[in-house]
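**Student:** First, the structure itself, so that you have it in front of you.
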Amino acid sequence: GFKTLWLVGVDHAGISTQLQVTKKLLKEEKKTRWDVGREEFTKRVWEWKAQYGHEITRQIRREGASVDWSRERFTMDESLSRAVREVFVTLFEEGWIYRGFRIVNWCPKDKTVLSDLEVKEETKKDGKLYFLQYPLKNSDKKITVATTRPETMLGDTAVAVNPTDERYRDLVGQMIELPLTNREIPIVADDYVEAQFGTGAVKITPAHDPNDYELGLRHDLPQINIMNDDATLNPEAGAEFEGLDRYIAREKVVEKFEELGLLEKIEDYEIVLPHCERCQTVLEPLLSEQWFVNMSEMRDLALNLMRTEGAPHFSPRVPYEKVYTTWLENLKDWTISRQLWWGHQIPAWYDAGGNVFVARTAAEAFDQAGTKDLRQDEDVLDTWFSSALWSFSTLGWNGEITETEDLKTFHPTDVLVTGRDIIFLWVSRMVMLSEKFVGEKPFKDVIINGTVLGKDGQRMSKLKGNGVNPLDVFDKFGVDATRMTLAGSATGADFAWRDEKVESYRNFANKIWNATRFCLMNSEGAQVDGASLKNAASIADKWIVSRLNKTAQAVNKALGTYQFHEAVQLLYHFFWDDFCDWYIELVKDEITGGKYSELIEDEREDDSLADFTVLAKQNDARTRIITILEQSLRLLHPFMPFLTEELWQKLPAISSNLHNAAYKSAEASIMLADFPAGDSNLIDERAEAEMQIVIDLISKVRNIRAEMQIKPADKPVIHIAANADANRIFAENEAQILKLARAEGLVLGAKLDVPKASAKAVTTVAEIAVPLEGLIDFEKEIARLENQAGKLETEASRLSSQLSNANFVDRAPAEKVQEIRDRVAEIETQVTALRQNLEALK
RNA sequence: AGCCGAUUAGCUCAGCGGAAGAGCGUCUGUUUUACAAACAGAAUGGCAAAGGUUCAAAUCCUUUAUCGGCGACCA
């Protein structure tokens, strides 16, 4: 009955996609992207996308997701691209976007810059630390620096020491003759250097290290870039090194130092290296001119939203709210340009003089520049820049159009379901840009799913080969079972994949199928009818109706707080334990006619009143069980859509009359029926308590049967001693007790009167005895009774000690104290009975 | 320059202030006409360790250990 929208779509995954097509091009045609050119290359990417891009949405369809496919979007759709240009230009005009030289993360393989979030730090255990000696000018002295990247010494423009370091104080201001180059570089003093680390002297390479860059600015040092974009050395490195790969150059530099007698030592050293998240290549910090977003105001938009509204609300709140806020607080500027061809080309144009014109279209840029002799920036934007606009760009906002019916209806959206790895990359940026451009949050809630780990408990990865393909799981166990498995894992918690888990939900699906089959086999004269739940007469009927409604309420509550796993557990146990194992068995005779069939056969000839009464009773029972089943299917439907729809359609008298009022005219489907809310008026605590008494009795008798090895075919008489109330309940349910306990008679009374050769048990309200004639093994029976008594006594002594604690009695809530007193009394009665029985046996 | 998690039955995990739970596995029975992918019954826990708070702690606090995630320029 609510207006809802699940909008699905995909981003263009700039780097990954370009990488795929680049590989394909190289493999099939032995060409690089430059060989085919920008236009042809992007054409190939669109072709690739057409072929493979639907894989994800195909999987989502197969999952049975309730998506509005008519609104599917792609980040490079025309309107979404228009939005990207609009946002870029606006931010530039307002001074939030700028272009500048910075040390950036450079991937020499993909030949593009990466944002800090796309960098994966990995520890290299077999790294080396090289100690190089630099000779001082006009002196025999040398100063030793330690480095993990000796080749960068070719770009050194200083050596720095700590100003308080006594060892080097005299050297500050002196010059060094930098080996392998003909350059002289100064020794400078800076607080950045830690005297205790390494030799206390640091080589400074401003063009190849972020810290050195900063230090270089402070001391006005030259920046010498010695590398090409593929991490080979350029002419600045000297003729001897030009063209060499960075690692070859490293070896060569070390060799040369050794020849010169300037290599002091090499130590083993564990080093942390930045890698490209996509292609795993070791990144190179490089001085480069890029586009950036200044995040200081953006950050405040997001932080204020959290401070004032607590939005977005994360589930689970711990730890993600803090993770999110802490990250925002320490936010640095965002590098948004990428040296790729696949993506949104930056709407900036340059004239011959290098002046920049940022505009929504080329025409606008020409107007600004007063000339058409402009060249558009070749770079594209970070994919996440367009994804950041997703919440509103997909609903029609593109700068030109800023108000749409969809935006009014669906924005802010209710919930974003995502993984923790993109909280910074995506979630935070959507919040910032939505606040900035539509003036409201993109979503109220964010659900962070756990990560599904491989069978080995490790993150899935192609390298480890521990991945699980969902499509294979669908084929093997069914989509519904897979959905139950995923929904059944706690929100936000990681879990190791186990086929066994899906298998158990596959079994559950099978259970639902079989239970429905049973109901349908006995559905003649029945129909789905809500009224049948309101006029339940027997204890068993009232009990199951109560359990159903209680479950429905609890499921609704769990879903309201995104506790999907709790809803799954509730439904699993209600359906399997309560409905199948107890209710179906309790009413089986009534439903199948077993109890009445003879009667009906006999009286079929004449239309006697008895015949009608019996048939009417049977139809009532059938209608009731079908109705309970129908409600259960509705509750299960969001989790197991395929199975429940299939079975629901088979139920008697199914029609669109069962739909929510809004959909009465539509074709009958469980999807359009109301989700049961649970009716408090149908919750009957008394019936549940009374049914529990019957269940306890049956369980105890079954326990005796199993432990005393009574053959299934043997049907004993059950003797029960209980008060009048309990005996009334047993009498009312005699038929069910006899059937489920496989007994042939019930003897009810206030006291037991049975032969010594009887097996005994106690429940909270009754003493039970099953006479076994010659079959009983007294030793075994004594052990059984001792065991029962022992357990109860342990519990009683623990509770008694609580009661004897004055503090507990005084300070705990009175009802808690009373509860424990009642329980102790209950146990004492049971133990007394068991002890008397034991005495009688000895 | 840390910040978070996690540690509960053989395994995978719920529970997060008032009697230790589930699924799988294990053991015993059972071709009971919805279901052997099932049914009935059973066994199995110093809730990581040590302190503390509380009438009451698996649950809250502190410290420690081990594992994991995110972050971090120590050359």
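Just remember, in the structure tokens the first chain shown is A, the second B, etc., residues are 1-based per chain, and ligands are 1-based in the order shown.
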Need to verify the contact set: U33 (chain B), 12 Å, only C-alpha atoms (C1' of nucleotides), exclusion of same-chain residues closer than 3 positions in sequence. Can you return it as an mmCIF file with N, CA and C atoms, in the first residue's frame?
**Tutor:**
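Output contents, as saved in part.cif:
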```
data_model
loop_
_atom_site.group_PDB
_atom_site.id
_atom_site.type_symbol
_atom_site.label_atom_id
_atom_site.label_comp_id
_atom_site.auth_asym_id
_atom_site.auth_seq_id
_atom_site.Cartn_x
_atom_site.Cartn_y
_atom_site.Cartn_z
ATOM 1 N N PHE A 518 0.777 -31.211 1.915
ATOM 2 C CA PHE A 518 -0.124 -31.894 2.845
ATOM 3 C C PHE A 518 -1.444 -31.133 2.992
ATOM 4 N N MET A 521 -3.511 -31.499 -0.112
ATOM 5 C CA MET A 521 -4.088 -32.839 -0.264
ATOM 6 C C MET A 521 -5.404 -32.945 0.509
ATOM 7 N N LYS A 588 -3.890 -33.329 12.524
ATOM 8 C CA LYS A 588 -3.843 -34.195 11.348
ATOM 9 C C LYS A 588 -5.102 -35.027 11.163
ATOM 10 N N THR A 592 -7.408 -34.741 7.908
ATOM 11 C CA THR A 592 -7.455 -35.820 6.916
ATOM 12 C C THR A 592 -8.764 -36.585 6.993
ATOM 13 N N GLY A 594 -9.338 -38.743 9.243
ATOM 14 C CA GLY A 594 -9.052 -40.020 9.857
ATOM 15 C C GLY A 594 -10.019 -40.329 10.992
#
```
**Student:** Write out as a PyMOL selection string the set of residues from region 225-292 of chain A that DSSP, computed on the backbone, places in strand (DSSP E or B).
**Tutor:** chain A and resi 227+232-233+245+263-276+282+284-292
**Student:** Please check the contacts: residues of chain B at most 10 Å away from chain A, using only C-alpha atoms (C1' of nucleotides), listed as a ChimeraX atom specification.
**Tutor:** /B:3-6,12-14,18-19,22-24,28-30,32,34-35,37-42,55-56,68-71,73-75
**Student:** Show me, as an MDAnalysis selection string, the residues that have an atom within 6 Å of region 134-136 of chain A when counting only C-alpha atoms (C1' of nucleotides), minus same-chain residues fewer than 2 positions from it.
**Tutor:** chainID A and resid 139 141:143 176:177
**Student:** Residues of the last selection are to be written out with N, CA and C atoms, as a CSV table (one decimal), in the first residue's frame.
**Tutor:**
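As a result, part.csv now contains:
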```
chain,number,residue,atom,x,y,z
A,139,SER,N,85.8,18.7,1.8
A,139,SER,CA,86.0,18.0,3.0
A,139,SER,C,86.1,16.5,2.8
A,141,LYS,N,84.8,14.5,4.9
A,141,LYS,CA,83.7,13.9,5.6
A,141,LYS,C,82.6,13.4,4.6
A,142,LYS,N,81.9,12.5,5.2
A,142,LYS,CA,80.7,12.0,4.4
A,142,LYS,C,79.5,12.0,5.4
A,143,ILE,N,78.4,12.1,4.8
A,143,ILE,CA,77.2,12.0,5.6
A,143,ILE,C,76.4,10.8,5.1
A,176,ILE,N,76.8,19.3,-0.3
A,176,ILE,CA,77.2,17.9,-0.6
A,176,ILE,C,77.4,17.8,-2.1
A,177,GLU,N,78.4,17.0,-2.4
A,177,GLU,CA,78.6,16.7,-3.8
A,177,GLU,C,77.8,15.4,-4.1
```
**Student:** Tell me which of B:U31, B:U8, B:U62, B:U26 sits closest to A50 (chain B), counting only C-alpha atoms (C1' of nucleotides).
**Tutor:** B:U62
**Student:** Can you tell me how far CA of Val446 (chain A) sits from CA of Thr308 (chain A), in Å to one decimal?
**Tutor:**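 Spanning CA of Val446 (chain A) to CA of Thr308 (chain A) is a straight-line distance of 17.1 Å.
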**Student:** Quote the spacing between CA of Glu585 (chain A) and CA of Ala735 (chain A) in Å to one decimal place.
**Tutor:**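 That distance, rounded to one decimal, is 11.4 Å.
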**Student:** Using DSSP on the backbone, list every residue of region 101-180 of chain A that comes out as helix (DSSP H, G or I), and give them as a list of chain:residue names.
**Tutor:** A:Asp116, A:Leu117, A:Glu118, A:Pro150, A:Glu151, A:Thr152, A:Met153, A:Leu154, A:Gly155, A:Arg169, A:Asp170, A:Leu171
**Student:** Just want the 7 Å neighbourhood of Asp480 (chain A), counted on only C-alpha atoms (C1' of nucleotides), with same-chain residues fewer than 6 positions away dropped. Output as JSON, numbers by chain.
**Tutor:** {"A": [639, 640, 641, 642]}
**Student:** Taking only C-alpha atoms (C1' of nucleotides) into account, name the residue in B:A36, B:C27, B:G10, B:G17 that is nearest to U53 (chain B).
**Tutor:** B:G17
**Student:** If we count only C-alpha atoms (C1' of nucleotides) and set the cut-off at 12 Å, which residues sit around region 24-33 of chain A, ignoring sequence neighbours fewer than 2 positions away in its own chain? Please answer as a ChimeraX atom specification.
**Tutor:** /A:17-22,35-45,48,110-111,340-342
**Student:** Please provide the set of residues having any atom within 12 Å of Leu571 (chain A), restricted to only C-alpha atoms (C1' of nucleotides), with same-chain residues fewer than 4 positions apart removed, written as a VMD selection string.
**Tutor:** chain A and resid 484 487 to 488 505 508 to 509 512 547 to 556 558 564 to 567 575 to 579 631 to 640
**Student:** Could you pull the residues within 9 Å of A48 (chain B), counting only C-alpha atoms (C1' of nucleotides), minus those fewer than 3 positions along the same chain, as a list in words?
**Tutor:**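 Skipping anything fewer than 3 positions along the chain leaves U7, A65 and U66 of chain B.
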**Student:** Which residue is closest to Lys265 (chain A)? Choose from A:Val89, A:Trp648, A:Ile15, A:Lys128 and count only C-alpha atoms.
**Tutor:**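 Under the stated criterion, the closest residue is A:Lys128.
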**Student:** For the atom pair CA of Leu738 (chain A) and CA of Pro716 (chain A), what is the interatomic distance in Å to one decimal place?
**Tutor:**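 One can read the CA of Leu738 (chain A) to CA of Pro716 (chain A) distance as 9.5 Å.
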